[in-house]
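Peer 1: So here's my_file15.cif, just mmCIF, C-alpha atoms:
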```cif
data_entry
loop_
_atom_site.label_atom_id
_atom_site.label_comp_id
_atom_site.auth_asym_id
_atom_site.auth_seq_id
_atom_site.Cartn_x
_atom_site.Cartn_y
_atom_site.Cartn_z
CA MET A 120 201.85 -160.63 73.34
CA ILE A 121 201.51 -163.47 70.80
CA ARG A 122 200.48 -162.34 67.36
CA SER A 123 198.48 -164.75 65.24
CA LYS A 124 198.85 -164.88 61.50
CA SER A 125 196.28 -163.12 59.40
CA ARG A 126 193.78 -165.39 57.68
CA THR A 127 194.90 -163.85 54.41
CA SER A 128 198.30 -165.54 54.83
CA PHE A 129 196.76 -169.02 54.50
CA PRO A 130 195.65 -170.62 51.21
CA PRO A 131 191.96 -171.17 50.49
CA ALA A 132 190.36 -174.53 51.21
CA ALA A 133 190.99 -177.36 48.76
CA LEU A 134 188.15 -177.93 46.32
CA PRO A 135 187.26 -180.87 44.04
CA CYS A 136 188.53 -178.68 41.19
CA PRO A 137 191.52 -176.34 40.82
CA TRP A 138 191.58 -172.70 41.79
CA LEU A 139 192.72 -170.19 39.19
CA MET A 140 195.39 -168.16 40.99
CA PHE A 141 196.38 -164.67 39.83
CA CYS A 142 199.69 -163.31 41.19
CA HIS A 143 199.48 -159.53 40.98
CA GLY A 144 200.14 -156.23 42.71
CA GLN A 145 203.43 -154.57 43.55
CA HIS A 146 206.24 -157.16 43.44
CA SER A 147 203.51 -159.84 42.91
CA LYS A 148 202.72 -159.84 46.62
CA THR A 149 198.98 -160.49 46.24
CA GLN A 150 197.22 -163.66 45.13
CA THR A 151 193.60 -163.78 44.03
CA PHE A 152 192.07 -167.27 43.88
CA TYR A 153 189.04 -167.81 41.64
CA SER A 154 186.79 -170.89 41.81
CA VAL A 155 185.16 -171.91 38.53
CA SER A 156 182.76 -174.28 40.31
CA ASN A 157 181.00 -171.63 42.40
CA ALA A 158 182.19 -168.44 40.64
CA ASN A 159 183.64 -166.75 43.71
CA PHE A 160 187.10 -165.51 44.63
CA CYS A 161 189.24 -164.72 47.66
CA VAL A 162 192.28 -162.47 48.07
CA LYS A 163 195.40 -163.67 49.92
CA ARG A 164 198.92 -162.56 50.72
CA ILE A 165 200.87 -165.77 51.27
CA PRO A 166 204.54 -164.94 52.04
CA ASP A 167 205.94 -168.09 50.39
CA ILE A 168 204.14 -167.22 47.14
CA SER A 169 204.56 -163.43 47.17
CA GLY A 170 207.34 -162.35 44.83
CA LYS A 171 207.91 -165.93 43.64
CA ARG A 172 207.59 -167.65 40.28
CA ILE A 173 205.77 -171.00 40.05
CA CYS A 174 207.93 -173.17 37.80
CA ALA A 175 206.43 -176.68 38.07
CA SER A 176 203.83 -178.59 40.03
CA PHE A 177 202.69 -182.09 40.96
CA HIS A 178 199.30 -182.19 42.66
CA GLU A 179 199.57 -179.76 45.61
CA TRP A 180 203.37 -179.47 45.46
CA MET A 181 204.92 -176.57 43.53
CA VAL A 182 208.46 -175.56 42.62
CA MET A 183 208.95 -171.94 43.67
CA VAL A 184 211.76 -169.61 42.57
CA ASP A 185 212.26 -166.17 44.10
CA ARG A 186 212.12 -163.39 41.51
CA TYR A 187 214.66 -161.28 43.38
CA SER A 188 217.13 -163.80 44.85
CA SER A 189 218.54 -167.31 44.33
CA ASP A 190 216.04 -168.92 46.74
CA CYS A 191 214.40 -172.08 45.37
CA PHE A 192 212.11 -174.49 47.23
CA LEU A 193 209.16 -176.86 47.12
CA LEU A 194 205.89 -175.61 48.59
CA ASN A 195 202.76 -177.54 49.50
CA ILE A 196 200.02 -175.12 48.50
CA ILE A 197 197.52 -176.74 50.89
CA SER A 198 199.57 -177.17 54.09
CA LEU A 199 202.28 -174.55 53.30
CA GLU A 200 204.95 -177.13 54.14
CA LYS A 201 208.24 -175.96 52.64
CA MET A 202 211.30 -177.94 51.50
CA ASP A 203 214.43 -176.04 50.52
CA LEU A 204 216.29 -176.71 47.27
CA PRO A 205 219.86 -175.67 46.38
CA PRO A 206 220.26 -172.02 45.36
CA TRP A 207 219.40 -171.50 41.70
CA GLU A 208 220.97 -169.07 39.26
CA ASP A 209 218.54 -167.44 36.86
CA VAL A 210 219.62 -169.22 33.67
CA PRO A 211 217.54 -169.69 30.49
CA TYR A 212 215.46 -172.88 30.39
CA GLN A 213 212.69 -174.55 28.40
CA PHE A 214 210.61 -175.74 31.36
CA TRP A 215 210.87 -177.19 34.88
CA ILE A 216 209.92 -180.72 35.94
CA LEU A 217 208.62 -182.07 39.24
CA SER A 218 208.28 -185.81 38.65
CA ALA A 219 206.42 -186.77 41.86
CA PRO A 220 205.60 -185.42 45.31
CA PRO A 221 208.61 -185.33 47.68
CA THR A 222 207.10 -188.20 49.67
CA ASP A 223 208.03 -190.46 46.73
CA ASP A 224 211.41 -192.15 47.14
CA ASN A 225 212.34 -191.87 43.46
CA TYR A 226 211.51 -188.35 42.37
CA ILE A 227 213.42 -185.43 40.96
CA VAL A 228 212.99 -181.71 40.49
CA GLY A 229 214.88 -179.99 37.72
CA PHE A 230 214.77 -177.98 34.53
CA ILE A 231 215.42 -178.61 30.86
CA GLY A 232 218.12 -176.31 29.50
CA GLU A 233 217.34 -173.70 26.87
CA ASP A 234 218.87 -175.84 24.11
CA SER A 235 217.12 -178.99 25.45
CA HIS A 236 220.44 -180.84 25.41
CA SER A 237 220.47 -181.40 29.16
CA ILE A 238 218.45 -181.59 32.35
CA THR A 239 219.73 -180.08 35.58
CA PHE A 240 218.13 -181.72 38.60
CA CYS A 241 218.32 -182.54 42.30
CA ARG A 242 216.32 -183.83 45.25
CA PRO A 243 215.61 -181.86 48.44
CA GLY A 244 218.49 -182.51 50.79
CA ASP A 245 221.01 -182.51 47.96
CA GLY A 246 223.56 -179.76 48.25
CA LYS A 247 223.88 -179.03 44.54
CA TRP A 248 222.30 -179.36 41.14
CA VAL A 249 223.47 -182.17 38.83
CA GLU A 250 223.49 -181.83 35.03
CA HIS A 251 222.77 -184.75 32.71
CA THR A 252 223.36 -184.35 28.97
CA PHE A 253 220.97 -185.97 26.48
CA GLU A 254 221.79 -187.53 23.16
CA PRO A 255 221.21 -185.03 20.32
CA GLU A 256 218.48 -187.04 18.53
CA ILE A 257 215.74 -186.10 21.02
CA GLY A 258 215.45 -182.58 19.58
CA THR A 259 213.96 -179.62 21.40
CA LEU A 260 211.71 -180.50 24.36
CA ARG A 261 208.71 -178.19 24.78
CA GLY A 262 206.57 -179.61 27.59
CA TYR A 263 205.77 -182.72 29.61
CA THR A 264 203.40 -184.71 31.76
CA ILE A 265 203.88 -187.55 34.26
CA CYS A 266 202.19 -190.94 33.91
CA LYS A 267 202.95 -194.02 36.03
CA GLY A 268 206.27 -192.57 37.14
CA GLN A 269 207.52 -191.83 33.63
CA ILE A 270 208.07 -188.41 32.07
CA TYR A 271 206.42 -187.96 28.66
CA CYS A 272 207.85 -184.96 26.80
CA HIS A 273 206.78 -183.27 23.60
CA GLY A 274 209.84 -182.85 21.38
CA LEU A 275 210.51 -181.11 18.10
CA GLN A 276 213.33 -181.89 15.68
CA HIS A 277 213.75 -180.51 12.14
CA GLY A 278 210.12 -179.44 12.15
CA GLN A 279 208.91 -182.92 13.14
CA ALA A 280 207.19 -183.58 16.46
CA ASN A 281 208.54 -186.33 18.70
CA LEU A 282 207.34 -188.08 21.83
CA VAL A 283 210.27 -188.50 24.23
CA ILE A 284 209.81 -190.82 27.23
CA LEU A 285 212.19 -190.33 30.15
CA ASP A 286 212.73 -192.81 32.99
CA ILE A 287 213.96 -192.04 36.49
CA VAL A 288 216.33 -194.84 37.52
CA ASP A 289 218.17 -194.61 40.84
CA HIS A 290 217.63 -190.84 40.81
CA ARG A 291 219.08 -190.58 37.29
CA VAL A 292 217.24 -189.46 34.17
CA GLU A 293 217.46 -191.81 31.18
CA VAL A 294 215.86 -191.63 27.73
CA ARG A 295 213.65 -194.69 27.35
CA HIS A 296 212.06 -194.10 23.96
CA VAL A 297 211.79 -191.54 21.16
CA LEU A 298 208.68 -191.76 18.98
CA ARG A 299 208.93 -189.94 15.67
CA GLY A 300 205.99 -188.29 14.00
CA ARG A 301 202.91 -186.43 15.15
CA PRO A 302 199.13 -186.80 14.95
CA ASP A 303 197.44 -185.71 11.74
CA SER A 304 196.94 -181.96 11.85
CA PRO A 305 193.42 -180.61 11.17
CA VAL A 306 194.88 -177.41 9.68
CA VAL A 307 197.54 -176.47 7.15
CA PRO A 308 200.81 -176.40 9.17
CA GLU A 309 202.40 -173.74 6.96
CA LEU A 310 199.71 -171.24 7.99
CA PHE A 311 199.36 -172.03 11.68
CA VAL A 312 201.51 -172.35 14.77
CA SER A 313 200.80 -175.37 16.98
CA VAL A 314 201.08 -175.07 20.77
CA PRO A 315 200.98 -178.54 22.39
CA TYR A 316 199.98 -179.47 25.94
CA PHE A 317 200.28 -182.93 27.50
CA ILE A 318 197.74 -183.95 30.15
CA GLU A 319 197.60 -187.09 32.30
CA SER A 320 194.07 -188.19 33.14
CA CYS A 321 193.16 -191.49 34.86
CA GLU A 322 196.54 -192.96 33.84
CA GLU A 323 195.97 -191.99 30.21
CA ILE A 324 197.91 -189.36 28.26
CA PHE A 325 196.20 -186.72 26.16
CA LEU A 326 197.64 -184.18 23.78
CA VAL A 327 195.80 -180.88 23.34
CA GLU A 328 197.04 -178.90 20.35
CA MET A 329 196.02 -175.27 19.99
CA PHE A 330 196.50 -173.95 16.47
CA MET A 331 197.20 -170.22 16.26
CA LEU A 332 196.74 -168.18 13.12
CA GLY A 333 200.16 -167.11 11.84
CA ALA A 334 202.63 -166.09 14.54
CA SER A 335 199.92 -164.83 16.88
CA THR A 336 199.45 -166.56 20.23
CA LYS A 337 195.94 -165.17 20.71
CA LYS A 338 194.04 -165.98 17.50
CA ILE A 339 193.08 -169.62 18.02
CA ARG A 340 191.95 -171.27 14.79
CA ASP A 341 191.34 -174.77 16.09
CA ILE A 342 191.88 -177.08 19.06
CA ALA A 343 192.52 -180.78 18.47
CA ILE A 344 192.65 -183.53 21.12
CA PHE A 345 194.49 -186.86 20.87
CA LYS A 346 195.00 -189.80 23.23
CA LEU A 347 198.14 -191.89 23.31
CA ASP A 348 197.61 -195.63 22.86
CA LEU A 349 200.16 -196.78 25.44
CA SER A 350 200.41 -200.27 23.94
CA SER A 351 201.25 -199.15 20.39
CA LEU A 352 202.53 -195.64 21.26
CA LYS A 353 200.31 -194.12 18.56
CA TRP A 354 198.12 -191.04 18.80
CA VAL A 355 194.37 -191.49 18.35
CA LYS A 356 192.03 -188.56 17.61
CA VAL A 357 189.53 -187.87 20.40
CA GLU A 358 186.13 -186.32 19.67
CA SER A 359 184.85 -186.17 23.26
CA LEU A 360 186.30 -185.95 26.77
CA GLY A 361 183.12 -187.27 28.36
CA ASP A 362 183.01 -186.37 32.06
CA ARG A 363 186.57 -185.03 32.00
CA THR A 364 187.48 -181.38 32.40
CA PHE A 365 190.97 -180.21 31.44
CA PHE A 366 192.74 -177.17 32.89
CA ILE A 367 195.63 -175.90 30.78
CA ASN A 368 198.72 -174.44 32.44
CA LYS A 369 201.45 -172.92 30.30
CA ALA A 370 204.37 -173.17 32.72
CA THR A 371 203.38 -176.08 34.98
CA ASN A 372 201.54 -179.39 34.80
CA CYS A 373 198.06 -179.33 33.30
CA ILE A 374 195.23 -180.73 35.44
CA SER A 375 192.29 -183.06 34.79
CA CYS A 376 189.30 -183.72 37.01
CA SER A 377 185.81 -185.20 36.92
CA ALA A 378 183.18 -182.66 35.89
CA THR A 379 180.49 -184.45 37.91
CA LYS A 380 182.52 -184.42 41.12
CA SER A 381 183.97 -180.93 40.69
CA GLY A 382 180.94 -179.00 39.49
CA THR A 383 182.74 -177.80 36.35
CA LEU A 384 181.65 -178.01 32.72
CA GLY A 385 182.24 -181.51 31.37
CA ASN A 386 183.75 -182.23 27.97
CA SER A 387 185.50 -178.86 28.22
CA ILE A 388 188.95 -177.30 28.41
CA TYR A 389 189.64 -174.28 30.63
CA PHE A 390 192.63 -172.13 29.71
CA THR A 391 194.02 -168.61 29.94
CA GLN A 392 195.82 -166.31 27.53
CA ASP A 393 198.28 -163.47 27.98
CA ASP A 394 195.54 -160.84 28.03
CA LYS A 395 195.74 -160.57 31.82
CA GLU A 396 192.46 -161.37 33.57
CA SER A 397 190.48 -163.33 30.97
CA MET A 398 189.69 -167.04 31.21
CA TYR A 399 188.40 -169.18 28.35
CA VAL A 400 186.37 -172.38 28.08
CA PHE A 401 186.51 -174.57 24.98
CA ASP A 402 183.40 -176.70 24.48
CA VAL A 403 184.67 -179.87 22.79
CA GLU A 404 181.26 -180.91 21.44
CA GLU A 405 180.24 -177.51 20.10
CA LYS A 406 183.83 -176.61 19.12
CA CYS A 407 183.41 -173.05 20.37
CA ILE A 408 185.27 -170.88 22.88
CA HIS A 409 183.60 -168.77 25.59
CA ALA A 410 185.48 -165.89 27.22
CA LEU A 411 185.04 -164.92 30.86
CA CYS A 412 186.55 -162.17 33.00
CA PRO A 413 186.36 -163.57 36.54
CA CYS A 414 188.37 -160.84 38.34
CA PRO A 415 188.17 -157.63 36.29
CA TYR A 416 189.51 -155.39 39.06
CA LEU A 417 193.08 -156.74 39.00
CA GLY A 418 194.40 -154.18 36.54
CA HIS A 419 197.39 -154.65 34.26
CA ASN A 420 199.95 -155.91 36.77
CA VAL A 421 199.22 -159.64 36.68
CA ALA A 422 202.58 -161.42 36.77
CA GLN A 423 201.37 -165.02 36.54
CA LYS A 424 198.20 -167.11 36.23
CA GLN A 425 198.11 -170.77 37.23
CA TRP A 426 195.58 -173.48 37.97
CA VAL A 427 196.57 -174.66 41.45
CA ILE A 428 195.40 -176.99 44.23
CA PRO A 429 194.31 -180.25 42.62
CA ALA A 430 191.03 -182.05 42.86
CA ARG A 431 190.24 -183.65 46.21
CA THR A 432 187.96 -186.63 45.49
#
```
Translate this structure into structure tokens?

Peer 2:
Amino acid sequence: MIRSKSRTSFPPAALPCPWLMFCHGQHSKTQTFYSVSNANFCVKRIPDISGKRICASFHEWMVMVDRYSSDCFLLNIISLEKMDLPPWEDVPYQFWILSAPPTDDNYIVGFIGEDSHSITFCRPGDGKWVEHTFEPEIGTLRGYTICKGQIYCHGLQHGQANLVILDIVDHRVEVRHVLRGRPDSPVVPELFVSVPYFIESCEEIFLVEMFMLGASTKKIRDIAIFKLDLSSLKWVKVESLGDRTFFINKATNCISCSATKSGTLGNSIYFTQDDKESMYVFDVEEKCIHALCPCPYLGHNVAQKQWVIPART
């Protein structure tokens, strides 16, 4: 007798906006996908996601690391195509990078070390990870986005924010440029903690800075948005996103899509916090935050929340 796979083992259909995926349950075996465009959800148990940690993403491709073994691989969240990576030891890191889909000839997957002094990377088919050490002047790298094949990282050195641009040349990672300084802060920096997020949108780079009161990561005092002038490499304050909608991911690439095409709220930023099931929407024009609880039944065992499956336009 031939047994067919359960429909719950397949991902939901791709939408013109991301799904918000909750990994929860015992050993994170269950995934609940929530659609912000039509306010519905579906529950899945996808074996290649169950018990895994999502470390980086590029469109529908995600870097997956097993929570209980050294297994590491790329997964296409739409087709469930899988590409193995070399075994990975659970070492401290700042963040992972996936520079392009694996169909690109010049892409890498890797992670920035905890001290930000190196990147350890490979390509599927490689038998081992390769470490490249950076020069010390780049400071601590805290996050990134990809634009036109280049890696734009947010750095921090001696309390000063930097923009670090990395090139991929012949499957090597090279520092192309380090821009000192940061955009003008709308709040007093001594009183607030800034959490930056880079977002690529229509081949433009945006910086979303969330300012937290004191050391708290929940009390948001302000959210500021800047766009990088790619010709002068200077940050310009942005007062409106227009038809754009941003989706903030903490561990993986942030996502942008058209509000008109996706059915989401335009001129808005969707994000989550560490308070389990809640989702928040920041209205850029009104400068206010709305809280939603899309899946209140999940309980207190949510291991990870990510915006996944990019816009299909």

Peer 1: List the neighbours of Ile342 of chain A out to 12 Å using only C-alpha atoms; skip same-chain residues closer than 2 positions along the sequence, and give me the result as a ChimeraX atom specification.

Peer 2: /A:304-306,311-316,326-332,338-340,344-345,356-358,387-388,390,400-408

Peer 1: Between atom CA of Gln213 of chain A and atom CA of Leu193 of chain A, what is the distance, to one decimal in Å?

Peer 2: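 Calculated distance between atom CA of Gln213 of chain A and atom CA of Leu193 of chain A is 19.2 Å.
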
Peer 1: Taking (211.5, -190.1, 37.8) in the file's coordinates as the center, which residues reach within 9 Å of it, counting all atoms listed in the file, put as a PyMOL selection string?

Peer 2: chain A and resi 217-219+225-228+265+268-270+285-292

Peer 1: Just write the chosen residues, C-alpha atoms, as a short mmCIF file (atom, residue, chain, number, x, y, z; two decimals), in the coordinates of the input.

Peer 2:
```cif
data_model
loop_
_atom_site.label_atom_id
_atom_site.label_comp_id
_atom_site.auth_asym_id
_atom_site.auth_seq_id
_atom_site.Cartn_x
_atom_site.Cartn_y
_atom_site.Cartn_z
CA LEU A 217 208.62 -182.07 39.24
CA SER A 218 208.28 -185.81 38.65
CA ALA A 219 206.42 -186.77 41.86
CA ASN A 225 212.34 -191.87 43.46
CA TYR A 226 211.51 -188.35 42.37
CA ILE A 227 213.42 -185.43 40.96
CA VAL A 228 212.99 -181.71 40.49
CA ILE A 265 203.88 -187.55 34.26
CA GLY A 268 206.27 -192.57 37.14
CA GLN A 269 207.52 -191.83 33.63
CA ILE A 270 208.07 -188.41 32.07
CA LEU A 285 212.19 -190.33 30.15
CA ASP A 286 212.73 -192.81 32.99
CA ILE A 287 213.96 -192.04 36.49
CA VAL A 288 216.33 -194.84 37.52
CA ASP A 289 218.17 -194.61 40.84
CA HIS A 290 217.63 -190.84 40.81
CA ARG A 291 219.08 -190.58 37.29
CA VAL A 292 217.24 -189.46 34.17
#
```

Peer 1: Would you compute the distance between atom CA of Phe192 of chain A and atom CA of Gln150 of chain A? Give it in Å to one decimal.

Peer 2: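 Interatomic distance here is 18.5 Å.
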
Peer 1: Give me, as a Markdown table, the closest atom pair and its distance (Å, one decimal) for every residue of segment 346-374 of chain A within a cut-off of 10 Å of segment 130-138 of chain A, counting all atoms listed in the file, rows sorted by chain and rising number.

Peer 2:
```
| residue | atom | partner | partner_atom | distance |
| --- | --- | --- | --- | --- |
| A:Thr364 | CA | A:Cys136 | CA | 9.3 |
| A:Phe366 | CA | A:Pro137 | CA | 8.1 |
| A:Ile374 | CA | A:Pro137 | CA | 7.9 |
```

Peer 1: Which residues would end up in the selection if the PyMOL selection byres ((chain A and resi 128) around 8) were applied here, given that I need the answer as a list of chain:residue names?

Peer 2: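 Checked against the file, the PyMOL selection byres ((chain A and resi 128) around 8) matches A:Lys124, A:Ser125, A:Arg126, A:Thr127, A:Phe129, A:Pro130, A:Lys163, A:Arg164, A:Ile165, A:Pro166.
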
Peer 1: Residues at most 7 Å from Val184 of chain A, counting only C-alpha atoms, excluding those fewer than 2 positions away in the same chain, as a list in words?

Peer 2: Lys171, Arg172, Ile173, Val182, Arg186, Asp190, Cys191 and Phe192 of chain A

Peer 1: Compare A:Glu319, A:Asp362, A:Glu250, A:Glu293 by their minimum atom-to-atom distance to Tyr263 of chain A, counting all atoms listed in the file, and give me the closest one.

Peer 2: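 With all atoms listed in the file as the atom set, the closest residue is A:Glu319.
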
Peer 1: Quick one: apply the PyMOL selection byres ((chain A and resi 295-298) around 8) to the file and drop the selected residues here as a list in words.

Peer 2: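 So the PyMOL selection byres ((chain A and resi 295-298) around 8), applied here, picks out Ile257, Asn281, Leu282, Val283, Ile284, Leu285, Asp286, Glu293, Val294, Arg299, Gly300 and Leu352 of chain A.
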
Peer 1: Please identify all polymer residues within 12 Å of Pro255 of chain A, counting all atoms listed in the file, omitting same-chain residues fewer than 5 positions from it, and present them as a PyMOL selection string.

Peer 2: chain A and resi 234-237+260+274-277+294+297

Peer 1: Would you kindly identify which residues have an atom no farther than 12 Å from (200.8, -158.4, 40.0), using only C-alpha atoms and the file's own coordinates, and write them out as a PyMOL selection string?

Peer 2: chain A and resi 140-151+164+168-172+395-396+416-424

Peer 1: Which distance in Å separates atom CA of Asn368 of chain A and atom CA of Tyr153 of chain A, to one decimal?

Peer 2: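 That distance, rounded to one decimal, is 14.9 Å.
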